[in-house]
Amino acid sequence: MKIAFDMIEHQPAGAPVPTSRLDGVRILALFGGTKLFGQERANLEVFRNLAALGAQVRVVTTSRSGENEVHRELQGHGIESISAPFGYTWHRYLLGRHFYYGFLNLYGVLAVSWRTWREVRRWQPTHLYCMNFQYFIYVWPALLLTKVPFIWRAGDELPRHTGIHRLISTQVLRRASLLVCNSKFLKTQFEKDWKWVPEIRVIYNYPSVRIADALPSLPGRHPNAVVLTFVGQVSEHKGILILWEAIERLVRSGKNIMLWIAGTANWNEGFMDCLQARAAAPDLNGRIVLLGFVKNVRALLENSDVHVCPSIFPEPSPNVVLEAKQAAKPSVVFPMGGMPELIQHQVDGYICRDCSAAALIEGINYYLDRPEERSRAGTAARQSVEEKYGLERFRKQWAEIFLQTVKK
């Protein structure tokens, strides 16, 4: 097996960053979900760039019937995949009337582990890669039977709220050759919460390359209105109700603004119906628009003025903040999780003082009446993508992970 080890020397600040080739590296990635959320898109971007460096990436996806957005996206990016019968989420509902899913899950553990172990024997990957606690459960037996270097890409904290969760999470950390976190915040949490962790590296996300799609059908704009955009899961933990309250107060105070909400309330259609009813209130006059799922997020951001990300849970590194930067739009964020790491306050965005509607109004107001400041912050945001989160640096850091851990 021949692997390129042309390692990168230290480069002065601002210099182009040469990237190692990964010819001969073969990565078997475990990816048992079907929907494309932030975690899925972030990992797809890792796969896409590893392949661009010469690595062979083969992804084990679920064979469950129904629409599989992950499989379709892998095909669109030319990434090879094989299927295995991943089961359903391990949850307390398995103890109730849906107990039969538990049997399907147990079968899934055996079948996915067998498929993975057989693929390791036949394809001989240099690395195994996983990013999700639920997926790990299905391949845990196979990982115990092989010594292939295992990379854990952490986009969230590992669960530890019950004994069994702590046991499995401990196995993740003990089996991992190296742990990659997407923010310093997350790295700190691992070091604080666990007695032992493997070596940890921080690699910030790179804005996801989405398969091209037509420009979304944009709603009409009120004359001279400043348009705010929210992109993500429409849920309380993403701060949608606080954002809604802030926009209602701003509109009723006479501010000429609009809010475009791109996303769906997965598993909670009733919540979406309630929001639609609130949006129809006469005094809002069509200023809050629920667009549903929008594939061409870049076009949506480019046609708005300011991005808002008011998550009220410690989100380690939301992809959409970097996508907004790439579209030259400043972001107004709450001081939660790793979000403050992505924003230079009042330079390329605004970090609110706390997670309240009043604080969010302050952040939005900072850009409402300052068109020149919005433009300057947008330019700074786009520049920061390449200076701090650039593609070459992203590739270099990931190349180092696999070159460091490969068995020689």
# chains A, B, ... in the order shown; residues from 1 in each chain; ligands from 1
>>> residues_around(residues="segment 107-124 of chain A", least_positions_apart="4", cutoff="9 Å", atoms="only C-alpha atoms", output="list in words")
Arg26, Leu28, Leu30, Val60, Ser83, Ala84, Pro85, Phe86, Gly87, Tyr88, Gly102, Phe103, Leu128, Ile137, Tyr138, Val139, Trp140, Pro141, Ala142, Leu143, Leu145, Thr146 and Val148 of chain A
>>> residues_around(residues="segment 45-53 of chain A", least_positions_apart="4", cutoff="7 Å", atoms="only C-alpha atoms", output="PyMOL selection string")
chain A and resi 21-22+41+57+208-209+395
>>> select_by_dssp(residues="segment 136-183 of chain A", states="strand (DSSP E or B)", output="list in words")
Phe150, Ile151, Trp152, Arg153, Ala154, Leu178, Leu179, Val180 and Cys181 of chain A
>>> select_by_dssp(residues="segment 36-84 of chain A", states="helix (DSSP H, G or I)", output="mmCIF file with N, CA and C atoms, in the first residue's frame")
data_model
loop_
_atom_site.group_PDB
_atom_site.id
_atom_site.type_symbol
_atom_site.label_atom_id
_atom_site.label_comp_id
_atom_site.auth_asym_id
_atom_site.auth_seq_id
_atom_site.Cartn_x
_atom_site.Cartn_y
_atom_site.Cartn_z
ATOM 1 N N GLY A 38 -27.700 19.626 9.668
ATOM 2 C CA GLY A 38 -26.391 20.262 9.711
ATOM 3 C C GLY A 38 -25.257 19.270 9.876
ATOM 4 N N GLN A 39 -25.423 18.296 10.780
ATOM 5 C CA GLN A 39 -24.374 17.307 11.015
ATOM 6 C C GLN A 39 -24.067 16.527 9.751
ATOM 7 N N GLU A 40 -25.120 16.118 9.052
ATOM 8 C CA GLU A 40 -24.934 15.329 7.838
ATOM 9 C C GLU A 40 -24.208 16.130 6.757
ATOM 10 N N ARG A 41 -24.615 17.375 6.575
ATOM 11 C CA ARG A 41 -23.969 18.203 5.547
ATOM 12 C C ARG A 41 -22.502 18.475 5.880
ATOM 13 N N ALA A 42 -22.212 18.702 7.158
ATOM 14 C CA ALA A 42 -20.830 18.964 7.557
ATOM 15 C C ALA A 42 -19.941 17.769 7.263
ATOM 16 N N ASN A 43 -20.434 16.559 7.516
ATOM 17 C CA ASN A 43 -19.631 15.369 7.250
ATOM 18 C C ASN A 43 -19.532 15.058 5.766
ATOM 19 N N LEU A 44 -20.580 15.339 5.021
ATOM 20 C CA LEU A 44 -20.492 15.179 3.567
ATOM 21 C C LEU A 44 -19.407 16.082 2.984
ATOM 22 N N GLU A 45 -19.260 17.268 3.566
ATOM 23 C CA GLU A 45 -18.217 18.183 3.098
ATOM 24 C C GLU A 45 -16.831 17.624 3.409
ATOM 25 N N VAL A 46 -16.687 16.949 4.554
ATOM 26 C CA VAL A 46 -15.426 16.278 4.861
ATOM 27 C C VAL A 46 -15.128 15.211 3.819
ATOM 28 N N PHE A 47 -16.111 14.355 3.526
ATOM 29 C CA PHE A 47 -15.907 13.280 2.548
ATOM 30 C C PHE A 47 -15.526 13.842 1.184
ATOM 31 N N ARG A 48 -16.245 14.868 0.769
ATOM 32 C CA ARG A 48 -16.020 15.445 -0.555
ATOM 33 C C ARG A 48 -14.595 15.964 -0.687
ATOM 34 N N ASN A 49 -14.091 16.601 0.348
ATOM 35 C CA ASN A 49 -12.755 17.163 0.275
ATOM 36 C C ASN A 49 -11.661 16.121 0.470
ATOM 37 N N LEU A 50 -11.917 15.093 1.254
ATOM 38 C CA LEU A 50 -10.960 14.005 1.349
ATOM 39 C C LEU A 50 -10.812 13.308 0.000
ATOM 40 N N ALA A 51 -11.934 13.116 -0.689
ATOM 41 C CA ALA A 51 -11.886 12.508 -2.021
ATOM 42 C C ALA A 51 -11.117 13.396 -2.995
ATOM 43 N N ALA A 52 -11.284 14.719 -2.855
ATOM 44 C CA ALA A 52 -10.570 15.642 -3.734
ATOM 45 C C ALA A 52 -9.063 15.562 -3.516
ATOM 46 N N GLU A 69 -32.229 11.032 1.659
ATOM 47 C CA GLU A 69 -31.570 12.251 1.185
ATOM 48 C C GLU A 69 -30.052 12.109 1.213
ATOM 49 N N VAL A 70 -29.540 11.372 2.194
ATOM 50 C CA VAL A 70 -28.094 11.188 2.312
ATOM 51 C C VAL A 70 -27.549 10.452 1.102
ATOM 52 N N HIS A 71 -28.207 9.346 0.744
ATOM 53 C CA HIS A 71 -27.752 8.542 -0.399
ATOM 54 C C HIS A 71 -27.793 9.361 -1.681
ATOM 55 N N ARG A 72 -28.840 10.141 -1.849
ATOM 56 C CA ARG A 72 -28.969 10.965 -3.057
ATOM 57 C C ARG A 72 -27.867 12.025 -3.118
ATOM 58 N N GLU A 73 -27.536 12.608 -1.968
ATOM 59 C CA GLU A 73 -26.493 13.627 -1.945
ATOM 60 C C GLU A 73 -25.118 13.010 -2.213
ATOM 61 N N LEU A 74 -24.871 11.825 -1.681
ATOM 62 C CA LEU A 74 -23.609 11.128 -1.951
ATOM 63 C C LEU A 74 -23.459 10.868 -3.444
ATOM 64 N N GLN A 75 -24.525 10.395 -4.069
ATOM 65 C CA GLN A 75 -24.493 10.146 -5.509
ATOM 66 C C GLN A 75 -24.208 11.434 -6.274
ATOM 67 N N GLY A 76 -24.847 12.532 -5.851
ATOM 68 C CA GLY A 76 -24.666 13.805 -6.531
ATOM 69 C C GLY A 76 -23.234 14.300 -6.475
#
>>> closest_residue(among="A:Ile203, A:Gln56, A:Ala380, A:Arg175", to="Lys396 of chain A", atoms="only C-alpha atoms")
A:Ile203
>>> atom_distance(atom1="atom CA of Ala279 of chain A", atom2="atom CA of Cys355 of chain A")
22.5 Å
>>> closest_residue(among="A:Lys184, A:His127, A:Arg287, A:Arg252", to="Pro219 of chain A", atoms="only C-alpha atoms")
A:Arg287
>>> atom_distance(atom1="atom CA of Ser63 of chain A", atom2="atom CA of Cys130 of chain A")
17.4 Å
>>> atom_distance(atom1="atom CA of Asp369 of chain A", atom2="atom CA of Val227 of chain A")
12.4 Å
>>> residues_around(residues="Gln383 of chain A", least_positions_apart="4", cutoff="9 Å", atoms="only C-alpha atoms", output="NGL selection string")
:A and (325-326 or 328 or 378-379 or 387-388)
>>> residues_around(residues="Val289 of chain A", least_positions_apart="4", cutoff="10 Å", atoms="only C-alpha atoms", output="number ranges by chain")
A: 218-220, 229, 258-262, 275-276, 279-280
>>> write_last_selection(atoms="C-alpha atoms", output="PDB file, in the first residue's frame")
ATOM      1  CA  LEU A 218     -38.968  34.509  -3.046  1.00  0.00           C
ATOM      2  CA  PRO A 219     -41.861  36.421  -1.510  1.00  0.00           C
ATOM      3  CA  GLY A 220     -42.470  40.025  -2.434  1.00  0.00           C
ATOM      4  CA  THR A 229     -33.220  35.340   7.170  1.00  0.00           C
ATOM      5  CA  MET A 258     -39.226  41.353   7.023  1.00  0.00           C
ATOM      6  CA  LEU A 259     -38.267  37.873   8.249  1.00  0.00           C
ATOM      7  CA  TRP A 260     -37.878  34.928   5.893  1.00  0.00           C
ATOM      8  CA  ILE A 261     -37.872  31.565   7.674  1.00  0.00           C
ATOM      9  CA  ALA A 262     -36.378  28.675   5.678  1.00  0.00           C
ATOM     10  CA  LEU A 275     -46.696  29.687  13.304  1.00  0.00           C
ATOM     11  CA  GLN A 276     -48.554  29.995  10.003  1.00  0.00           C
ATOM     12  CA  ALA A 279     -47.884  34.981  10.561  1.00  0.00           C
ATOM     13  CA  ALA A 280     -51.349  35.754   9.161  1.00  0.00           C
TER      14      ALA A 280
END
>>> closest_residue(among="A:Val406, A:Ile401, A:Leu284, A:Val332", to="Ser253 of chain A", atoms="only C-alpha atoms")
A:Leu284
